Amino acid sequence: MPVFGLSQHTGIMLHMILYSVSQVARFCAFCLRTTGRQLALLVFVLAGMGLTACQMPLIVRPVDGSSATVSTLAPRLQAPVAAPVTVAEQQVTLLTYPLERYQTDAFDPRYRWPYKRFDVERFRAEAPAPEPRSYHMIVLENEYLKLLFLPELGGRLWQVIHKPTGAPMFYQNRTVKPTHWGQPNQLGWLALGGLEWGLPVIEHGYDWGVPWAYTVERQGDHEAAIIFMTPADGRLLQARIRVALLAGEARFTIEPTLTNRSRQTLDFSFWIDAILAPGSGGQPSGQLRFVLPADRVQLHSTADATLPAPAQTFPWPYVNSRDLSRLGNWRQYLGFFESPQAQGPFAGVYDPAYDAGAVRIFPPDVARGSKVFAMGWHDALGSYNYTDDDSVYVELHGGVASSFFDQAQLAPNGTLTWRESWYPVHGIGGFVVAGEAGALNVVETGGGLRIGFYPTQPVLGTLVVEAGQQAPIRIAFQAGPDMPFRELVAVKAPKTASHRVRVEDPDGKFLLAYESP
């Protein structure tokens, strides 16, 4: 909460006593912007934290048709007390159906790719029971996040725990149960939850349930990463996926590297599939929102006869006065892509019932695909298809092609690599724009603007609000992943006037910005 009563003059004098003369000018400039009202901010500054410059801004379209600006790098507050990143190896026991009993070896000659074909009909006829089975689990952890990996089950990032709240980011299936979904020539896909790597074909690919080779990489105490790799067994497409966690940050990065090992141009698919249930781990509410900076989407599949046919486009988010960004307005299952491609640089979901969400930050010029899928709501697909309880999930996909109707290309011996950031978000009611620095929510109320900012690391900043012709309102704040910033800002401008909100660091450089329609 803000602490009022400290004058700007007192703040400057205190700083001059405790800080070196060389830093007075910087602090004075900060005080002039913030009016020096918050004692907590002085303590934060005096702790000696600094931050590096952000990169050039990227102009994006927010979720509601307004405009926004996003910094492409998170602010780096150099906190001397940041806990080290740790790596641990554990075992986890899951009820597991004997899927190997119903699998046979198969081969896709187009990619020289071996895979396992699943006999769905025999599995249904014999109806085997699941039994407990132990799996190897790798844990990367810092003071804010705990990442759980299952190398034997597709090299997946199975869960991310937001430690300040204890809330899960992903759906977490406790039963390894094969489904009748997946590639028609394969089937048996496992809806285990987390992040999986879909290649070389669309959607979930072939390797969602087989062991992946991996190495663990450490950079002192400040960074740890796990690197998953496809085997060098003659496959034409090679994948190397690095998932890294830094000390002091409540986000993790994913850096895929894809290489064409053939002597010809290769058409292929690669999709990162996030299987989500933020805040609950298995019970998304009807209030859950899909947050996409798009105005049109392209249908992939649905059982909802009121929507267009596959490959056709329709407006987002309203279709015939129905807001499809809200899960509770869905009927049957539905999957669609941003059209004509991902707008970027963000996409995500937020569930107000748990005040929790998930954010993906990515370069849309490389990762051109952004897809949403859910089982439906009023007439949803049953959870018996993929688990033995009543748990449910939604999906958020990111790919290198714009949709499943298209593929990406790699030149002979060519390589494609990029980096994404993912993070859980909490405590701000939703979000309208996001970047590596964090997520920003702006909601108009009768009393003004309800603003929330969730940073991905501790930050000392200033909120600047401009409404109509009213003089800018500047509010200094201190926030972190364990203490998001929330404030009801009274504005006197007419309701029809536009408003602009931005978050600045102590040097006046923006972190996020939003402008209403």
# chains A, B, ... in the order shown; residues from 1 in each chain; ligands from 1
>>> residues_around(residues="Tyr135 of chain A", least_positions_apart="4", cutoff="12 Å", atoms="only C-alpha atoms", output="list in words")
Glu89, Gln90, Gln91, Val92, Thr93, Leu94, Leu95, Thr96, Leu148, Phe149, Leu150, Pro151, Glu152, Leu153, Gly154, Gly155, Trp158, Arg174, Val176 and Pro211 of chain A
>>> residues_around(residues="Leu236 of chain A", least_positions_apart="5", cutoff="9 Å", atoms="only C-alpha atoms", output="VMD selection string")
chain A and resid 110 to 113 259 to 262 266
>>> select_by_dssp(residues="segment 214-356 of chain A", states="strand (DSSP E)", output="NGL selection string")
:A and (214-219 or 223-229 or 237-246 or 252-260 or 266-268 or 271-276 or 289-291 or 296-302 or 313-315 or 318-319 or 322-323 or 334-338 or 346-351 or 356)
>>> closest_atom_pairs(of="segment 84-137 of chain A", to="segment 180-203 of chain A", cutoff="9 Å", atoms="only C-alpha atoms", output="tab-separated table")
residue	atom	partner	partner_atom	distance
A:Leu99	CA	A:Gly188	CA	8.0
A:Gln103	CA	A:Gly188	CA	8.8
A:Ala106	CA	A:Gln186	CA	8.3
A:Tyr111	CA	A:Pro200	CA	7.4
A:Trp113	CA	A:Pro200	CA	8.4
A:Tyr115	CA	A:Gln186	CA	7.7
A:Lys116	CA	A:Gln186	CA	6.5
A:Arg117	CA	A:Gln186	CA	4.3
A:Phe118	CA	A:Gly188	CA	5.4
A:Asp119	CA	A:Leu187	CA	7.7
A:Val120	CA	A:His180	CA	6.1
A:Glu121	CA	A:His180	CA	9.0
>>> residues_around(residues="Val465 of chain A", least_positions_apart="4", cutoff="7 Å", atoms="only C-alpha atoms", output="PDB file with N, CA and C atoms, in the first residue's frame")
ATOM      1  N   PRO A 472      -1.731  14.716 -16.506  1.00  0.00           N
ATOM      2  CA  PRO A 472      -1.301  13.348 -16.193  1.00  0.00           C
ATOM      3  C   PRO A 472      -1.236  13.095 -14.683  1.00  0.00           C
ATOM      4  N   ILE A 473      -1.658  11.923 -14.287  1.00  0.00           N
ATOM      5  CA  ILE A 473      -1.576  11.475 -12.907  1.00  0.00           C
ATOM      6  C   ILE A 473      -0.391  10.526 -12.800  1.00  0.00           C
ATOM      7  N   ARG A 474       0.501  10.784 -11.867  1.00  0.00           N
ATOM      8  CA  ARG A 474       1.694   9.952 -11.708  1.00  0.00           C
ATOM      9  C   ARG A 474       1.656   9.314 -10.322  1.00  0.00           C
ATOM     10  N   ARG A 500      -4.957   6.860 -21.466  1.00  0.00           N
ATOM     11  CA  ARG A 500      -3.669   6.252 -21.761  1.00  0.00           C
ATOM     12  C   ARG A 500      -2.986   5.907 -20.440  1.00  0.00           C
ATOM     13  N   VAL A 501      -2.477   4.698 -20.384  1.00  0.00           N
ATOM     14  CA  VAL A 501      -1.825   4.213 -19.170  1.00  0.00           C
ATOM     15  C   VAL A 501      -0.466   3.653 -19.557  1.00  0.00           C
ATOM     16  N   ARG A 502       0.555   4.030 -18.809  1.00  0.00           N
ATOM     17  CA  ARG A 502       1.862   3.442 -19.063  1.00  0.00           C
ATOM     18  C   ARG A 502       2.587   3.202 -17.743  1.00  0.00           C
TER      19      ARG A 502
END
>>> select_by_dssp(residues="segment 118-347 of chain A", states="alpha helix (DSSP H)", output="PyMOL selection string")
chain A and resi 120-126
>>> closest_residue(among="A:Ala347, A:Leu145, A:Val394, A:Leu258", to="Pro278 of chain A", atoms="only C-alpha atoms")
A:Val394
>>> residues_around(residues="Ala167 of chain A", least_positions_apart="6", cutoff="10 Å", atoms="only C-alpha atoms", output="PyMOL selection string")
chain A and resi 160-161+278-281+354+356-357+424+426
>>> atom_distance(atom1="atom CA of Ser321 of chain A", atom2="atom CA of Phe431 of chain A")
21.9 Å
>>> residues_around(residues="Gln341 of chain A", least_positions_apart="2", cutoff="8 Å", atoms="only C-alpha atoms", output="mmCIF file with C-alpha atoms, in the first residue's frame")
data_model
loop_
_atom_site.group_PDB
_atom_site.id
_atom_site.type_symbol
_atom_site.label_atom_id
_atom_site.label_comp_id
_atom_site.auth_asym_id
_atom_site.auth_seq_id
_atom_site.Cartn_x
_atom_site.Cartn_y
_atom_site.Cartn_z
ATOM 1 C CA PHE A 337 -6.050 -19.617 -35.015
ATOM 2 C CA GLU A 338 -5.344 -15.900 -35.007
ATOM 3 C CA SER A 339 -5.791 -14.734 -38.602
ATOM 4 C CA GLN A 343 -0.392 -10.592 -34.065
ATOM 5 C CA ARG A 368 3.638 -16.986 -36.755
ATOM 6 C CA GLY A 369 1.013 -19.311 -35.299
ATOM 7 C CA SER A 370 -1.269 -18.750 -32.304
ATOM 8 C CA SER A 402 0.293 -19.555 -39.237
ATOM 9 C CA SER A 403 -2.089 -22.523 -38.873
#
>>> residues_around(residues="Leu416 of chain A", least_positions_apart="5", cutoff="12 Å", atoms="only C-alpha atoms", output="PyMOL selection string")
chain A and resi 237-241+255-260+268+270+366-367+400+408-411
